[in-house]
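> Data file target_25.pdb (PDB, C-alpha atoms) is appended below.
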ATOM      1  CA  MET A 280      -6.447  20.007 -21.073
ATOM      2  CA  THR A 281      -9.137  19.276 -18.503
ATOM      3  CA  TYR A 282      -8.722  20.074 -14.829
ATOM      4  CA  ASN A 283      -7.991  16.405 -14.153
ATOM      5  CA  GLU A 284      -5.321  16.172 -16.838
ATOM      6  CA  THR A 285      -3.721  19.423 -15.703
ATOM      7  CA  LYS A 286      -3.658  18.207 -12.144
ATOM      8  CA  LEU A 287      -2.183  14.868 -13.091
ATOM      9  CA  GLN A 288       0.455  16.628 -15.175
ATOM     10  CA  ARG A 289       1.285  18.874 -12.221
ATOM     11  CA  LEU A 290       1.627  15.871  -9.913
ATOM     12  CA  GLU A 291       3.908  14.204 -12.462
ATOM     13  CA  ASP A 292       6.015  17.352 -12.693
ATOM     14  CA  GLN A 293       6.221  17.493  -8.902
ATOM     15  CA  SER A 294       7.306  13.879  -8.827
ATOM     16  CA  ASP A 295      10.004  14.552 -11.455
ATOM     17  CA  ASP A 296      11.178  17.641  -9.558
ATOM     18  CA  LEU A 297      11.435  15.682  -6.345
ATOM     19  CA  ARG A 298      13.426  12.989  -8.097
ATOM     20  CA  ALA A 299      15.778  15.567  -9.634
ATOM     21  CA  ALA A 300      16.208  17.275  -6.251
ATOM     22  CA  TYR A 301      16.997  13.935  -4.659
ATOM     23  CA  VAL A 302      19.612  13.113  -7.310
ATOM     24  CA  ALA A 303      21.235  16.531  -6.892
ATOM     25  CA  LEU A 304      21.247  16.179  -3.128
ATOM     26  CA  SER A 305      22.729  12.703  -3.370
ATOM     27  CA  ASP A 306      25.643  14.126  -5.363
ATOM     28  CA  GLN A 307      26.067  16.843  -2.760
ATOM     29  CA  LEU A 308      25.938  14.259  -0.004
ATOM     30  CA  ARG A 309      28.568  12.121  -1.704
ATOM     31  CA  GLU A 310      30.925  15.092  -1.943
ATOM     32  CA  ALA A 311      30.276  16.136   1.653
ATOM     33  CA  ARG A 312      30.902  12.621   2.891
ATOM     34  CA  ALA A 313      34.145  12.400   0.931
ATOM     35  CA  GLU A 314      35.296  15.723   2.371
ATOM     36  CA  TRP A 315      34.445  14.598   5.892
ATOM     37  CA  ARG A 316      36.280  11.280   5.397
ATOM     38  CA  VAL A 317      39.442  13.024   4.228
ATOM     39  CA  ALA A 318      39.357  15.494   7.134
ATOM     40  CA  HIS A 319      38.575  12.722   9.594
ATOM     41  CA  GLU A 320      41.456  10.618   8.278
ATOM     42  CA  GLU A 321      43.885  13.540   8.433
ATOM     43  CA  LEU A 322      42.855  14.280  11.995
ATOM     44  CA  ALA A 323      43.264  10.634  12.980
ATOM     45  CA  GLN A 324      46.790  10.642  11.481
ATOM     46  CA  LEU A 325      47.686  13.814  13.349
ATOM     47  CA  GLU A 326      46.324  12.420  16.610
ATOM     48  CA  SER A 327      48.285   9.207  16.187
ATOM     49  CA  ARG A 328      51.464  11.016  15.258
ATOM     50  CA  TYR A 329      51.590  13.252  18.324
ATOM     51  CA  ARG A 330      50.972  12.520  21.942
ATOM     52  CA  ILE A 331      48.198  14.930  22.838
ATOM     53  CA  ASP A 332      47.623  16.161  26.337
ATOM     54  CA  GLU A 333      43.832  15.933  26.448
ATOM     55  CA  SER A 334      43.680  18.206  29.478
ATOM     56  CA  ASN A 335      45.193  20.916  27.335
ATOM     57  CA  PRO A 336      45.003  19.962  23.654
ATOM     58  CA  PRO A 337      46.758  22.178  21.116
ATOM     59  CA  ALA A 338      44.606  24.845  19.503
ATOM     60  CA  ALA A 339      45.342  23.486  16.029
ATOM     61  CA  ILE A 340      44.025  20.065  17.016
ATOM     62  CA  LEU A 341      40.946  21.559  18.629
ATOM     63  CA  GLN A 342      40.290  23.571  15.510
ATOM     64  CA  ARG A 343      40.633  20.467  13.350
ATOM     65  CA  ARG A 344      38.309  18.521  15.616
ATOM     66  CA  ARG A 345      35.722  21.257  15.403
ATOM     67  CA  HIS A 346      36.091  21.306  11.644
ATOM     68  CA  VAL A 347      35.643  17.527  11.388
ATOM     69  CA  ALA A 348      32.642  17.678  13.738
ATOM     70  CA  LYS A 349      31.086  20.398  11.608
ATOM     71  CA  LEU A 350      31.649  18.382   8.425
ATOM     72  CA  LYS A 351      30.084  15.366  10.111
ATOM     73  CA  ALA A 352      27.074  17.400  11.233
ATOM     74  CA  ASP A 353      26.692  18.799   7.701
ATOM     75  CA  THR A 354      26.861  15.282   6.268
ATOM     76  CA  ASP A 355      24.280  13.999   8.749
ATOM     77  CA  ARG A 356      21.977  16.897   7.949
ATOM     78  CA  LEU A 357      22.299  16.225   4.228
ATOM     79  CA  GLN A 358      21.710  12.533   4.816
ATOM     80  CA  ALA A 359      18.524  13.276   6.768
ATOM     81  CA  ARG A 360      17.336  15.624   4.021
ATOM     82  CA  ALA A 361      18.191  13.033   1.350
ATOM     83  CA  ASN A 362      16.232  10.372   3.253
ATOM     84  CA  GLU A 363      13.247  12.680   3.501
ATOM     85  CA  LEU A 364      13.430  13.604  -0.185
ATOM     86  CA  SER A 365      13.837   9.975  -1.160
ATOM     87  CA  GLU A 366      10.680   9.045   0.751
ATOM     88  CA  ARG A 367       8.687  11.957  -0.670
ATOM     89  CA  SER A 368       9.917  11.205  -4.171
ATOM     90  CA  MET A 369       8.969   7.544  -3.807
ATOM     91  CA  LYS A 370       5.485   8.426  -2.516
ATOM     92  CA  ALA A 371       4.977  10.908  -5.343
ATOM     93  CA  ARG A 372       6.000   8.313  -7.930
ATOM     94  CA  GLN A 373       3.693   5.703  -6.399
ATOM     95  CA  LEU A 374       0.811   8.164  -6.396
ATOM     96  CA  VAL A 375       1.351   9.093 -10.046
ATOM     97  CA  ALA A 376       1.560   5.412 -11.001
ATOM     98  CA  ASN A 377      -1.648   4.829  -9.045
ATOM     99  CA  LEU A 378      -3.428   7.686 -10.848
ATOM    100  CA  ARG A 379      -2.086   6.663 -14.253
ATOM    101  CA  GLY A 380      -3.191   3.077 -13.633
ATOM    102  CA  PHE A 381      -6.660   4.254 -12.676
ATOM    103  CA  ILE A 382      -7.037   6.427 -15.752
ATOM    104  CA  GLY A 383      -5.734   3.594 -17.902
ATOM    105  CA  ARG A 384      -8.581   1.362 -16.823
ATOM    106  CA  ASP A 385     -11.150   4.087 -16.575
ATOM    107  CA  LYS A 386     -10.882   6.192 -19.714
ATOM    108  CA  PRO A 387     -12.292   8.660 -20.436
ATOM    109  CA  LEU A 388     -12.213  10.757 -17.284
ATOM    110  CA  ARG A 389     -15.717  11.437 -16.136
ATOM    111  CA  VAL A 390     -17.259  14.624 -14.869
ATOM    112  CA  ASN A 391     -15.150  16.474 -12.410
ATOM    113  CA  VAL A 392     -16.918  16.927  -9.084
ATOM    114  CA  GLY A 393     -14.746  19.193  -7.070
ATOM    115  CA  ASN A 394     -11.822  21.532  -6.693
ATOM    116  CA  ASP A 395     -12.240  22.769 -10.235
ATOM    117  CA  ARG A 396     -11.219  26.362 -10.536
TER     118      ARG A 396
ATOM    119  CA  MET B 185      -0.525  39.755  11.637
ATOM    120  CA  LYS B 186      -1.726  38.413   8.314
ATOM    121  CA  HIS B 187       1.148  35.942   8.301
ATOM    122  CA  ALA B 188       0.172  34.680  11.770
ATOM    123  CA  LYS B 189      -3.416  34.175  10.631
ATOM    124  CA  ILE B 190      -2.322  32.223   7.580
ATOM    125  CA  THR B 191      -0.075  30.060   9.728
ATOM    126  CA  ASP B 192      -2.909  29.377  12.172
ATOM    127  CA  LEU B 193      -5.164  28.411   9.291
ATOM    128  CA  ALA B 194      -2.492  26.157   7.858
ATOM    129  CA  ALA B 195      -1.892  24.511  11.225
ATOM    130  CA  GLY B 196      -5.633  23.937  11.553
ATOM    131  CA  ALA B 197      -5.812  22.410   8.095
ATOM    132  CA  LEU B 198      -2.789  20.207   8.817
ATOM    133  CA  ASP B 199      -4.458  18.958  12.003
ATOM    134  CA  GLU B 200      -7.605  18.241  10.034
ATOM    135  CA  ILE B 201      -5.601  16.323   7.429
ATOM    136  CA  GLU B 202      -3.955  14.333  10.189
ATOM    137  CA  GLU B 203      -7.345  13.502  11.722
ATOM    138  CA  LEU B 204      -8.728  12.534   8.333
ATOM    139  CA  ARG B 205      -5.760  10.278   7.689
ATOM    140  CA  GLU B 206      -6.317   8.541  11.009
ATOM    141  CA  LYS B 207      -9.984   8.136  10.089
ATOM    142  CA  ILE B 208      -8.991   6.727   6.674
ATOM    143  CA  ASP B 209      -6.628   4.235   8.328
ATOM    144  CA  THR B 210      -9.363   3.163  10.745
ATOM    145  CA  LEU B 211     -11.896   2.758   7.948
ATOM    146  CA  LYS B 212      -9.435   0.713   5.884
ATOM    147  CA  ALA B 213      -8.704  -1.533   8.867
ATOM    148  CA  ARG B 214     -12.434  -2.000   9.437
ATOM    149  CA  ARG B 215     -12.859  -2.758   5.748
ATOM    150  CA  GLU B 216     -10.239  -5.509   6.015
ATOM    151  CA  GLU B 217     -12.062  -6.990   9.004
ATOM    152  CA  ILE B 218     -15.309  -7.064   7.049
ATOM    153  CA  VAL B 219     -13.644  -8.621   4.000
ATOM    154  CA  ASP B 220     -12.003 -11.240   6.202
ATOM    155  CA  ALA B 221     -15.094 -11.949   8.337
ATOM    156  CA  PRO B 222     -16.215 -15.572   8.050
ATOM    157  CA  ILE B 223     -19.356 -16.492   6.173
ATOM    158  CA  PRO B 224     -22.382 -17.889   8.089
ATOM    159  CA  LEU B 225     -22.638 -21.621   8.534
ATOM    160  CA  SER B 226     -25.681 -21.831   6.260
ATOM    161  CA  GLU B 227     -23.720 -20.157   3.436
ATOM    162  CA  ALA B 228     -20.706 -22.337   4.109
ATOM    163  CA  LEU B 229     -22.861 -25.481   3.941
ATOM    164  CA  SER B 230     -24.401 -24.288   0.701
ATOM    165  CA  LYS B 231     -20.926 -23.731  -0.726
ATOM    166  CA  LEU B 232     -19.958 -27.186   0.490
ATOM    167  CA  ASP B 233     -22.891 -28.641  -1.448
ATOM    168  CA  GLN B 234     -21.841 -26.772  -4.575
ATOM    169  CA  ALA B 235     -18.252 -27.892  -4.159
ATOM    170  CA  LEU B 236     -19.188 -31.530  -3.669
ATOM    171  CA  ASP B 237     -21.529 -31.425  -6.655
ATOM    172  CA  GLY B 238     -18.745 -29.942  -8.745
ATOM    173  CA  ILE B 239     -16.240 -32.565  -7.660
ATOM    174  CA  ALA B 240     -18.702 -35.390  -8.278
ATOM    175  CA  ALA B 241     -19.612 -33.968 -11.702
ATOM    176  CA  ARG B 242     -15.962 -34.129 -12.779
ATOM    177  CA  PHE B 243     -16.138 -37.876 -12.408
ATOM    178  CA  SER B 244     -17.914 -39.427 -15.359
ATOM    179  CA  PRO B 245     -17.173 -43.101 -15.509
ATOM    180  CA  ASP B 246     -17.042 -44.595 -18.938
ATOM    181  CA  ILE B 247     -19.291 -47.541 -18.383
ATOM    182  CA  GLY B 248     -20.459 -49.496 -21.354
ATOM    183  CA  LEU B 249     -22.876 -52.365 -21.701
ATOM    184  CA  LEU B 250     -21.140 -54.827 -23.935
ATOM    185  CA  GLY B 251     -23.643 -57.472 -24.853
ATOM    186  CA  LYS B 252     -23.231 -61.153 -24.159
ATOM    187  CA  ASP B 253     -21.220 -62.043 -27.226
ATOM    188  CA  ALA B 254     -18.713 -59.184 -27.017
ATOM    189  CA  SER B 255     -16.957 -60.331 -23.924
ATOM    190  CA  HIS B 256     -17.086 -62.646 -21.015
ATOM    191  CA  GLN B 257     -18.503 -59.746 -18.891
ATOM    192  CA  ASP B 258     -21.689 -57.737 -19.338
ATOM    193  CA  PHE B 259     -20.218 -54.292 -18.742
ATOM    194  CA  ALA B 260     -16.854 -52.475 -18.634
ATOM    195  CA  ILE B 261     -15.548 -49.483 -16.681
ATOM    196  CA  GLY B 262     -13.236 -47.417 -18.841
ATOM    197  CA  HIS B 263      -9.589 -46.703 -18.220
ATOM    198  CA  GLY B 264      -8.780 -43.629 -16.209
ATOM    199  CA  THR B 265     -11.396 -44.236 -13.556
ATOM    200  CA  GLY B 266      -8.696 -44.692 -10.947
ATOM    201  CA  ASP B 267      -6.917 -41.426 -11.867
ATOM    202  CA  ARG B 268      -9.370 -39.376  -9.890
ATOM    203  CA  PRO B 269      -9.821 -41.057  -6.548
ATOM    204  CA  THR B 270     -11.263 -37.985  -4.798
ATOM    205  CA  GLU B 271     -13.821 -37.407  -7.520
ATOM    206  CA  MET B 272     -14.720 -41.075  -7.528
ATOM    207  CA  LEU B 273     -15.128 -41.116  -3.738
ATOM    208  CA  VAL B 274     -17.377 -38.050  -3.791
ATOM    209  CA  TRP B 275     -19.373 -39.479  -6.689
ATOM    210  CA  LEU B 276     -19.865 -42.696  -4.758
ATOM    211  CA  PHE B 277     -20.276 -41.401  -1.191
ATOM    212  CA  ARG B 278     -21.340 -37.773  -1.601
ATOM    213  CA  ASP B 279     -23.941 -37.760   1.166
ATOM    214  CA  GLN B 280     -21.773 -39.489   3.751
ATOM    215  CA  ILE B 281     -18.855 -37.161   2.998
ATOM    216  CA  ARG B 282     -21.152 -34.142   3.127
ATOM    217  CA  GLN B 283     -22.533 -35.164   6.470
ATOM    218  CA  ARG B 284     -19.096 -35.724   7.999
ATOM    219  CA  ILE B 285     -17.710 -32.398   6.781
ATOM    220  CA  ALA B 286     -20.888 -30.551   7.809
ATOM    221  CA  GLU B 287     -20.548 -31.937  11.332
ATOM    222  CA  GLU B 288     -16.993 -30.611  11.527
ATOM    223  CA  MET B 289     -18.019 -27.242  10.151
ATOM    224  CA  THR B 290     -20.883 -26.954  12.601
ATOM    225  CA  ALA B 291     -18.654 -27.868  15.513
ATOM    226  CA  HIS B 292     -16.072 -25.249  14.542
ATOM    227  CA  ALA B 293     -18.311 -22.511  13.179
ATOM    228  CA  PRO B 294     -16.512 -19.188  13.822
ATOM    229  CA  LYS B 295     -18.143 -16.200  15.480
ATOM    230  CA  GLY B 296     -18.705 -12.837  13.813
ATOM    231  CA  ALA B 297     -19.951 -14.314  10.566
ATOM    232  CA  LEU B 298     -21.399 -11.986   7.957
ATOM    233  CA  ALA B 299     -23.989 -12.913   5.370
ATOM    234  CA  ALA B 300     -23.242 -11.881   1.783
ATOM    235  CA  LYS B 301     -25.837  -9.092   1.832
ATOM    236  CA  GLN B 302     -24.609  -7.761   5.183
ATOM    237  CA  ARG B 303     -21.027  -7.849   3.940
ATOM    238  CA  THR B 304     -21.891  -6.041   0.714
ATOM    239  CA  ASP B 305     -23.911  -3.389   2.552
ATOM    240  CA  ARG B 306     -21.225  -2.747   5.147
ATOM    241  CA  LEU B 307     -18.486  -2.585   2.541
ATOM    242  CA  ALA B 308     -20.539  -0.156   0.467
ATOM    243  CA  GLU B 309     -21.081   2.035   3.534
ATOM    244  CA  ILE B 310     -17.374   1.993   4.443
ATOM    245  CA  ASP B 311     -16.364   2.690   0.849
ATOM    246  CA  ARG B 312     -18.700   5.684   0.794
ATOM    247  CA  ASP B 313     -17.237   7.014   4.057
ATOM    248  CA  LEU B 314     -13.705   6.344   2.825
ATOM    249  CA  LEU B 315     -14.185   8.208  -0.421
ATOM    250  CA  ALA B 316     -15.861  11.112   1.388
ATOM    251  CA  ALA B 317     -12.939  11.336   3.830
ATOM    252  CA  GLU B 318     -10.414  11.171   0.985
ATOM    253  CA  ARG B 319     -12.238  13.892  -0.952
ATOM    254  CA  GLU B 320     -12.189  16.051   2.175
ATOM    255  CA  GLU B 321      -8.483  15.375   2.646
ATOM    256  CA  GLU B 322      -7.742  16.293  -0.970
ATOM    257  CA  ALA B 323      -9.757  19.511  -0.707
ATOM    258  CA  LEU B 324      -7.670  20.537   2.320
ATOM    259  CA  ILE B 325      -4.425  19.675   0.511
ATOM    260  CA  VAL B 326      -5.492  21.784  -2.465
ATOM    261  CA  GLU B 327      -6.413  24.659  -0.151
ATOM    262  CA  LEU B 328      -3.011  24.503   1.494
ATOM    263  CA  GLU B 329      -1.275  24.302  -1.895
ATOM    264  CA  VAL B 330      -3.080  27.438  -2.974
ATOM    265  CA  GLY B 331      -1.730  29.038   0.209
ATOM    266  CA  GLY B 332       1.790  28.029  -0.785
ATOM    267  CA  PHE B 333       2.153  24.933   1.402
ATOM    268  CA  GLU B 334       3.309  21.631   0.020
ATOM    269  CA  ILE B 335       1.678  18.530   1.440
ATOM    270  CA  VAL B 336       2.810  15.020   0.589
ATOM    271  CA  ARG B 337      -0.148  13.030  -0.633
ATOM    272  CA  ARG B 338      -0.623   9.444   0.392
ATOM    273  CA  PRO B 339       0.658   7.175  -2.397
ATOM    274  CA  ASP B 340      -2.466   5.026  -2.102
ATOM    275  CA  ALA B 341      -4.855   7.973  -2.227
ATOM    276  CA  ASP B 342      -8.044   7.219  -4.122
ATOM    277  CA  PRO B 343      -7.601   8.574  -7.686
ATOM    278  CA  ARG B 344     -11.253   9.672  -7.712
ATOM    279  CA  ALA B 345     -10.526  11.943  -4.751
ATOM    280  CA  VAL B 346      -7.196  13.271  -6.048
ATOM    281  CA  LEU B 347      -8.472  13.956  -9.556
ATOM    282  CA  GLY B 348     -11.962  15.027  -8.492
ATOM    283  CA  ILE B 349     -13.776  12.349 -10.443
ATOM    284  CA  GLU B 350     -17.336  11.193  -9.854
ATOM    285  CA  ASP B 351     -17.975   7.625  -8.719
TER     286      ASP B 351
END
Would you put the structure from the file into structure tokens?

Amino acid sequence: MTYNETKLQRLEDQSDDLRAAYVALSDQLREARAEWRVAHEELAQLESRYRIDESNPPAAILQRRRHVAKLKADTDRLQARANELSERSMKARQLVANLRGFIGRDKPLRVNVGNDR
Amino acid sequence: MKHAKITDLAAGALDEIEELREKIDTLKARREEIVDAPIPLSEALSKLDQALDGIAARFSPDIGLLGKDASHQDFAIGHGTGDRPTEMLVWLFRDQIRQRIAEEMTAHAPKGALAAKQRTDRLAEIDRDLLAAEREEEALIVELEVGGFEIVRRPDADPRAVLGIED
């Protein structure tokens, strides 16, 4: 394999890895969101069932609220990471398609001029 | 200490990449302006002449001389003549139409026109600068990758720069 082909292969592998990471993270995000929804719903039911003195809320409620807030923060963090990965994955795919398209019309690859090691 | 030095180098390279990307964006915007720049009036008038000649040439009336005994008239214009009114008008009144359109074009000639040679030269210069900037950007990305940093390449990066291919 020439330097160019090796590099293209590496960029394709990177693109595939990014895609796989995004898919895995999406699954994780889906689970995290489901967990948060359940906890959020349970908390809402508890809060509607009991009259809570907000000046002195019960420790159990406070703990639940903290838990729900943490789950929400985790979900948001995962969402942000998934968005970032999605964008990087998309850019990597576009770049590979761009390079493949170029090579398709420009075979064979001509002399390498730089970065060859 | 070594770690700090590497980080400083990386930060410097990242800044350079950022500057190069701004330069690439500017060059691409300038390229668009050059591509979209109007052509000079003289070139536009020459193109008008070509266009009118082309339109007129598409009109070829089928006119036949019939001879006195063939019909009550001496000539005939074939069917289909009326299907192409524009072509027929240009064929008949080319010079008058040319003059009228040329007057309009002259009155509304845009500024910042570029002659074909100027346009080609400027585009070639910008393309050279663009490719040089993209090669520089790619070299920095590769350097950073060797140092363990991962940089997202631009999806529209020039393949010649990314793959290190000659022009």
> In terms of the shortest atom-to-atom distance over only C-alpha atoms, which of B:Glu287, B:Glu322, B:Thr191, B:Pro245 is closest to chain A?
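The closest residue to chain A is B:Glu322.
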> Can you tell me, as a PDB file with C-alpha atoms, in the coordinates of the input, which residues sit within 12 Å of (-24.9, -37.6, -2.4) in the file's frame, using only C-alpha atoms?

ATOM      1  CA  LEU B 232     -19.958 -27.186   0.490  1.00  0.00           C
ATOM      2  CA  ASP B 233     -22.891 -28.641  -1.448  1.00  0.00           C
ATOM      3  CA  GLN B 234     -21.841 -26.772  -4.575  1.00  0.00           C
ATOM      4  CA  ALA B 235     -18.252 -27.892  -4.159  1.00  0.00           C
ATOM      5  CA  LEU B 236     -19.188 -31.530  -3.669  1.00  0.00           C
ATOM      6  CA  ASP B 237     -21.529 -31.425  -6.655  1.00  0.00           C
ATOM      7  CA  GLY B 238     -18.745 -29.942  -8.745  1.00  0.00           C
ATOM      8  CA  ILE B 239     -16.240 -32.565  -7.660  1.00  0.00           C
ATOM      9  CA  ALA B 240     -18.702 -35.390  -8.278  1.00  0.00           C
ATOM     10  CA  ALA B 241     -19.612 -33.968 -11.702  1.00  0.00           C
ATOM     11  CA  MET B 272     -14.720 -41.075  -7.528  1.00  0.00           C
ATOM     12  CA  LEU B 273     -15.128 -41.116  -3.738  1.00  0.00           C
ATOM     13  CA  VAL B 274     -17.377 -38.050  -3.791  1.00  0.00           C
ATOM     14  CA  TRP B 275     -19.373 -39.479  -6.689  1.00  0.00           C
ATOM     15  CA  LEU B 276     -19.865 -42.696  -4.758  1.00  0.00           C
ATOM     16  CA  PHE B 277     -20.276 -41.401  -1.191  1.00  0.00           C
ATOM     17  CA  ARG B 278     -21.340 -37.773  -1.601  1.00  0.00           C
ATOM     18  CA  ASP B 279     -23.941 -37.760   1.166  1.00  0.00           C
ATOM     19  CA  GLN B 280     -21.773 -39.489   3.751  1.00  0.00           C
ATOM     20  CA  ILE B 281     -18.855 -37.161   2.998  1.00  0.00           C
ATOM     21  CA  ARG B 282     -21.152 -34.142   3.127  1.00  0.00           C
ATOM     22  CA  GLN B 283     -22.533 -35.164   6.470  1.00  0.00           C
TER      23      GLN B 283
END
> Mind pulling up the distance from CA of Val346 (chain B) to CA of Thr281 (chain A)?
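According to the coordinates, CA of Thr281 (chain A) and CA of Val346 (chain B) are separated by 14.0 Å.
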> Between A:Leu357, A:Leu374, A:Leu308, A:Ala323, which has the minimum distance to chain B (counting only C-alpha atoms)?
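Closest to chain B of all the choices is A:Leu374.
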> Mind dumping a table of every chain B residue within 7 Å of chain A, with the nearest atom pair and its distance in Å to one decimal, using only C-alpha atoms, sorted by chain and rising number, as JSON lines?

{"residue": "B:Ala323", "atom": "CA", "partner": "A:Asn394", "partner_atom": "CA", "distance": 6.6}
{"residue": "B:Val336", "atom": "CA", "partner": "A:Arg367", "partner_atom": "CA", "distance": 6.7}
{"residue": "B:Arg338", "atom": "CA", "partner": "A:Lys370", "partner_atom": "CA", "distance": 6.8}
{"residue": "B:Pro339", "atom": "CA", "partner": "A:Leu374", "partner_atom": "CA", "distance": 4.1}
{"residue": "B:Asp340", "atom": "CA", "partner": "A:Leu374", "partner_atom": "CA", "distance": 6.2}
{"residue": "B:Pro343", "atom": "CA", "partner": "A:Leu378", "partner_atom": "CA", "distance": 5.3}
{"residue": "B:Leu347", "atom": "CA", "partner": "A:Asn283", "partner_atom": "CA", "distance": 5.2}
{"residue": "B:Gly348", "atom": "CA", "partner": "A:Gly393", "partner_atom": "CA", "distance": 5.2}
{"residue": "B:Ile349", "atom": "CA", "partner": "A:Asn391", "partner_atom": "CA", "distance": 4.8}
{"residue": "B:Glu350", "atom": "CA", "partner": "A:Val392", "partner_atom": "CA", "distance": 5.8}
> Please, what distance in Å, to one decimal, runs between CA of Gln307 (chain A) and CA of Ala339 (chain A)?
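So the answer is 27.7 Å.
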> Kindly give the distance, in Å, that separates CA of Arg360 (chain A) and CA of His346 (chain A), rounded to a single decimal.
21.0 Å
> Kindly indicate which residue among B:Ala297, B:Ala195, B:Leu307, B:Ala228 lies nearest to Arg214 (chain B), using all atoms listed in the file for the distances.
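Once distances to Arg214 (chain B) are computed over all atoms listed in the file, the minimum belongs to B:Leu307.
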> Using all atoms listed in the file, which residue out of B:Glu334, B:Glu200, B:Glu288, B:Glu216 lies closest to Leu229 (chain B)?
B:Glu288
> Which residues come within 12 Å of Arg344 (chain A), counting all atoms listed in the file, excluding same-chain residues fewer than 3 positions away, as JSON, numbers by chain?
{"A": [315, 318, 319, 320, 321, 322, 323, 325, 326, 336, 337, 338, 339, 340, 341, 347, 348, 349, 350, 351]}
